[in-house]
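See below for the structure under consideration.
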Amino acid sequence: MTVCEYKPGLENIAAAQSSISHVDGKQGILEYRGIGIEELASKSNFLEAAYLLIWGELPRQEELEAFEHDIRFHRRIKYRIRDMMKCFPETGHPMDALQTSAAALGLFYSRRALDNPQYIREAVVRLLAKIPTMVAAFKLMRKGHDPIQPRDDLGYSANFLYMLNEREPDPLAAQIFDVCLTLHAEHTINASTFSAMVTASTLTDPYAVIASAVGTLAGPLHGGANEEVIAMLKEIGSVENVRPYLEDRLQRKEKIMGFGHRVYKVKDPRAKILQNLAEQLFEQSGGNKYYEIAVELEQAVEEKLGHRGIYANVDFYSGLVYLKLGIPSDLFTPVFAIARVAGWLAHWKEQLAVNRIFRPTQEYTGTHNVSYIPIEER
Ligand code: CMC
């Protein structure tokens with residue numbers, strides 16, 4: 001067997017064949033099942049995009065209604081999961097709380113029937129329905145409050161914001177949040193998706209698949225740059241300080257958060273849509289200092305680094321939108337997870353259809369034939 005050259009981080013190694021999403025980094029294109037992200041963001045909604053990703057085609061009216069109905073019906077979490085979450089330390093990170101609670105679902109829904117389409121559908125519905133409830137519950141529980149029960153009369157995104165902020169969001173906020181979820185639902189084989197695929201390939205249960213992906217997303221090299229963007233905008237403090245701040249940071253060879261991407265060498269198509277959403281939100285409330293700083297910073301970075309293919313990425317405007325929607329910054333990554341569950345589930349299903357357990361090889365760099373030294377002689 002030919003052993004391929006070792007590539008750190010598997011860069012440019014095709015680890016699977018997939019028809020779920022496509023990214024063209026030179027032209028700034030992102031497609032879900034061949035449909036452009038701009039079209040989905042303006043014409044579709046998160047649950048329809050999730051259906052498209054997971055089942056491969058847009059649902060007919062009655063299919064979408066049945067899917068939405070089932071998800072509404074499964075939003076509540078068992079009181080024993082709530083009781084378990086109450087024991088989590090209030091200082092714990094919400095991503096750790098989410099990973100633990102997602103894994104705990106496997107204890108309650110332990111039947112594993114991966115060749116049964118009904119089982120697959122139920123797992124998809126449960127995970128899409130319950131993950132937002134768990135994220136919102138931990139946010140309230142860590143303040144000592146009881147979690148709010150989901151409201152059946154509210155749509156997916158409005159209900160999440162309601163459970164999180166303890167009040168019904170206005171329709172524009174709910175619609176904007178829904179677009180954010182659509183934008184973050186899938187992005188080819190990144191670290192967390194690959195993690196989901198590797199776990200899926202062992203034929204374990206879907207709750208373990210999602211828990212493993214959540215754990216991978218939690219690392220600072222993956223989710224989380226939008227949190228740092230907000231800290232940076234606060235540090236800059238004023239529009240006048242943008243250019244001196246940028247010069248100083250570049251001189252110290254520090255990266256500007258929210259810019260640059262391994263794949264996109266033009267402005268990330270998701271950043272363009274998020275910028276429009278941020279503009280809408282801030283226009284409605286008479287402007288915002290941090291949004292103005294962000295616009296000026298984007299302009300200045302483009303002038304300085306645009307020729308090197310460094311432009312705004314998805315994280316640059318998303319944090320501003322989330323803050324305005326009342327989402328605290330340590331929940332930005334859990335919110336990312338709520339959306340990405342759709343993509344992870346799509347890859348889980350795709351993996352099951354062609355499964356072969358992942359078992360790469362390695363280049364051994366250690367020694368051979370070493371004698372054992374008794375402990376008293378070391
Ligand atoms: N600010 C300033 N310089 C940058 C930046 C930046 N944001 N990004 C890349 N560069 C420079 C970097 O210093 C390096 O310069 P040199 O060749 O002189 O050493 C060159 O560009 C290549 O950088 P790299 O880190 O090797 O590029 P990469 O393709 O491996 O990294 C990245 C992509 C996202 C890790 C990087 O651009 C970065 O760290 N950006 C800031 C953090 C950030 O915004 N992360 C969110 C990414 S989007 C998440 C998603 O799509 O899921």
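Each chain in the structure tokens gets a letter, A, B and so on, in the order shown; residues start at 1 in every chain, and ligands are counted from 1 in the order they appear.
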
Using DSSP on the backbone, list every residue of region 248-302 of chain A that comes out as helix (DSSP H, G or I), and give them as a PyMOL selection string.
chain A and resi 248-251+269-284+289-302

Which residues sit within 10 Å of ligand 1, counting only C-alpha atoms and all ligand atoms, listed as an MDAnalysis selection string?
chainID A and resid 11 184 186:188 190:192 217 220:229 246 249:250 253:265 268 270:271 301 304:305 308:316 336

For region 173-176 of chain A, work out the shell of residues within 8 Å, counting only C-alpha atoms and skipping chain neighbours fewer than 3 positions away, then give it as a ChimeraX atom specification.
/A:157-158,161,169-170,179-180,277,281,325

I'd like the neighbourhood of region 29-35 of chain A as an MDAnalysis selection string, where a residue qualifies if any of its atoms comes within 7 Å (using only C-alpha atoms), though same-chain residues fewer than 6 positions away should be ignored.
chainID A and resid 19:23 53 56 269

Quick one: everything within 9 Å of region 153-155 of chain A, counting only C-alpha atoms, minus sequence neighbours fewer than 5 positions away in the same chain. Send it as JSON, numbers by chain.
{"A": [68, 72, 160, 162, 168, 174]}

Correct to one decimal, the distance CA of Lys349 (chain A)-CA of Thr216 (chain A) is 19.0 Å

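If you measure from each of A:Val266, A:Met141, A:Leu320, A:Ile373 to Leu233 (chain A) using only C-alpha atoms, the closest one turns out to be A:Leu320.
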
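Closest to Gln99 (chain A) among A:Thr361, A:Phe138, A:Asn12, A:Ser201 is A:Phe138, based on only C-alpha atoms.
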
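Excluding Leu352 (chain A) and any residue on its chain fewer than 3 positions from it, the residues at most 10 Å away by only C-alpha atoms are Leu114, Asp115, Met197, Ala200, Ser201, Thr202, Leu203, His347, Trp348, Lys349, Asn355, Arg356 and Ile357 of chain A.
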
File dump, residues just selected, N, CA and C atoms, as a tab-separated table (two decimals), in the first residue's frame:
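New file again.tsv:
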```tsv
chain	number	residue	atom	x	y	z
A	114	LEU	N	-29.25	2.65	13.54
A	114	LEU	CA	-28.73	3.53	12.50
A	114	LEU	C	-29.22	3.18	11.09
A	115	ASP	N	-29.79	1.99	10.94
A	115	ASP	CA	-30.31	1.63	9.61
A	115	ASP	C	-31.81	1.88	9.50
A	197	MET	N	-17.60	13.45	11.80
A	197	MET	CA	-17.52	12.34	10.83
A	197	MET	C	-16.72	11.17	11.39
A	200	ALA	N	-18.86	9.52	13.94
A	200	ALA	CA	-19.95	8.82	13.25
A	200	ALA	C	-19.45	7.51	12.64
A	201	SER	N	-18.21	7.52	12.16
A	201	SER	CA	-17.70	6.35	11.43
A	201	SER	C	-17.55	5.12	12.33
A	202	THR	N	-17.60	5.32	13.65
A	202	THR	CA	-17.54	4.15	14.56
A	202	THR	C	-18.92	3.56	14.78
A	203	LEU	N	-19.94	4.19	14.19
A	203	LEU	CA	-21.36	3.78	14.34
A	203	LEU	C	-21.87	3.94	15.77
A	347	HIS	N	-23.58	15.70	7.72
A	347	HIS	CA	-22.36	14.90	7.51
A	347	HIS	C	-22.48	13.54	8.21
A	348	TRP	N	-23.17	13.50	9.35
A	348	TRP	CA	-23.41	12.20	10.04
A	348	TRP	C	-24.17	11.27	9.10
A	349	LYS	N	-25.24	11.81	8.50
A	349	LYS	CA	-26.07	11.00	7.62
A	349	LYS	C	-25.28	10.56	6.37
A	355	ASN	N	-20.33	4.36	4.90
A	355	ASN	CA	-19.37	4.30	6.00
A	355	ASN	C	-18.20	3.34	5.83
A	356	ARG	N	-17.03	3.87	6.18
A	356	ARG	CA	-15.85	3.05	6.44
A	356	ARG	C	-15.17	3.74	7.61
A	357	ILE	N	-14.83	3.01	8.65
A	357	ILE	CA	-14.27	3.66	9.84
A	357	ILE	C	-12.99	4.41	9.48
```

Give me the residues within 10 Å of Phe73 (chain A) as a compact mmCIF listing (two decimals) with N, CA, C and O atoms, in the first residue's frame, counting only C-alpha atoms and dropping any in the same chain fewer than 3 places off.
```txt
# COMPACT_ATOMS: atom_id res chain seq x y z
N PHE A 67 -41.81 18.91 9.58
CA PHE A 67 -40.49 19.03 10.21
C PHE A 67 -40.55 20.09 11.32
O PHE A 67 -40.13 19.86 12.45
N GLU A 68 -41.11 21.27 10.99
CA GLU A 68 -41.21 22.36 11.97
C GLU A 68 -42.10 21.93 13.16
O GLU A 68 -41.78 22.21 14.31
N HIS A 69 -43.17 21.24 12.84
CA HIS A 69 -44.09 20.79 13.89
C HIS A 69 -43.37 19.84 14.86
O HIS A 69 -43.45 19.98 16.09
N ASP A 70 -42.65 18.88 14.30
CA ASP A 70 -41.97 17.90 15.16
C ASP A 70 -40.91 18.58 16.02
O ASP A 70 -40.73 18.24 17.19
N ARG A 76 -38.79 20.76 24.50
CA ARG A 76 -38.57 20.65 25.95
C ARG A 76 -37.48 19.64 26.26
O ARG A 76 -37.31 18.68 25.52
N VAL A 125 -34.46 15.52 14.66
CA VAL A 125 -35.46 16.42 15.24
C VAL A 125 -35.09 16.74 16.69
O VAL A 125 -35.09 17.91 17.11
N ARG A 126 -34.75 15.72 17.46
CA ARG A 126 -34.43 15.95 18.88
C ARG A 126 -33.24 16.89 19.03
O ARG A 126 -33.26 17.81 19.85
N ALA A 129 -34.04 20.41 18.01
CA ALA A 129 -35.02 21.00 18.92
C ALA A 129 -34.44 21.32 20.30
O ALA A 129 -34.73 22.36 20.89
N PRO A 150 -39.94 26.44 26.60
CA PRO A 150 -40.14 26.91 25.22
C PRO A 150 -41.59 27.29 24.98
O PRO A 150 -42.48 26.75 25.63
N ASP A 152 -44.63 27.26 22.34
CA ASP A 152 -45.02 26.58 21.11
C ASP A 152 -45.53 27.53 20.03
O ASP A 152 -45.54 27.17 18.84
```

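Atom to atom, CA of Arg340 (chain A) and CA of Gly144 (chain A) stand 28.3 Å apart.
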
Go ahead and compute the interatomic distance for CA of Ile236 (chain A) and CA of Pro94 (chain A), in Å to one decimal.
27.3 Å

Among the residues A:Glu5, A:Asp205, A:Asp248, A:Glu363, the one that comes closest to Tyr119 (chain A) [using only C-alpha atoms]
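Among A:Glu5, A:Asp205, A:Asp248, A:Glu363, it is A:Asp205 that comes nearest to Tyr119 (chain A).
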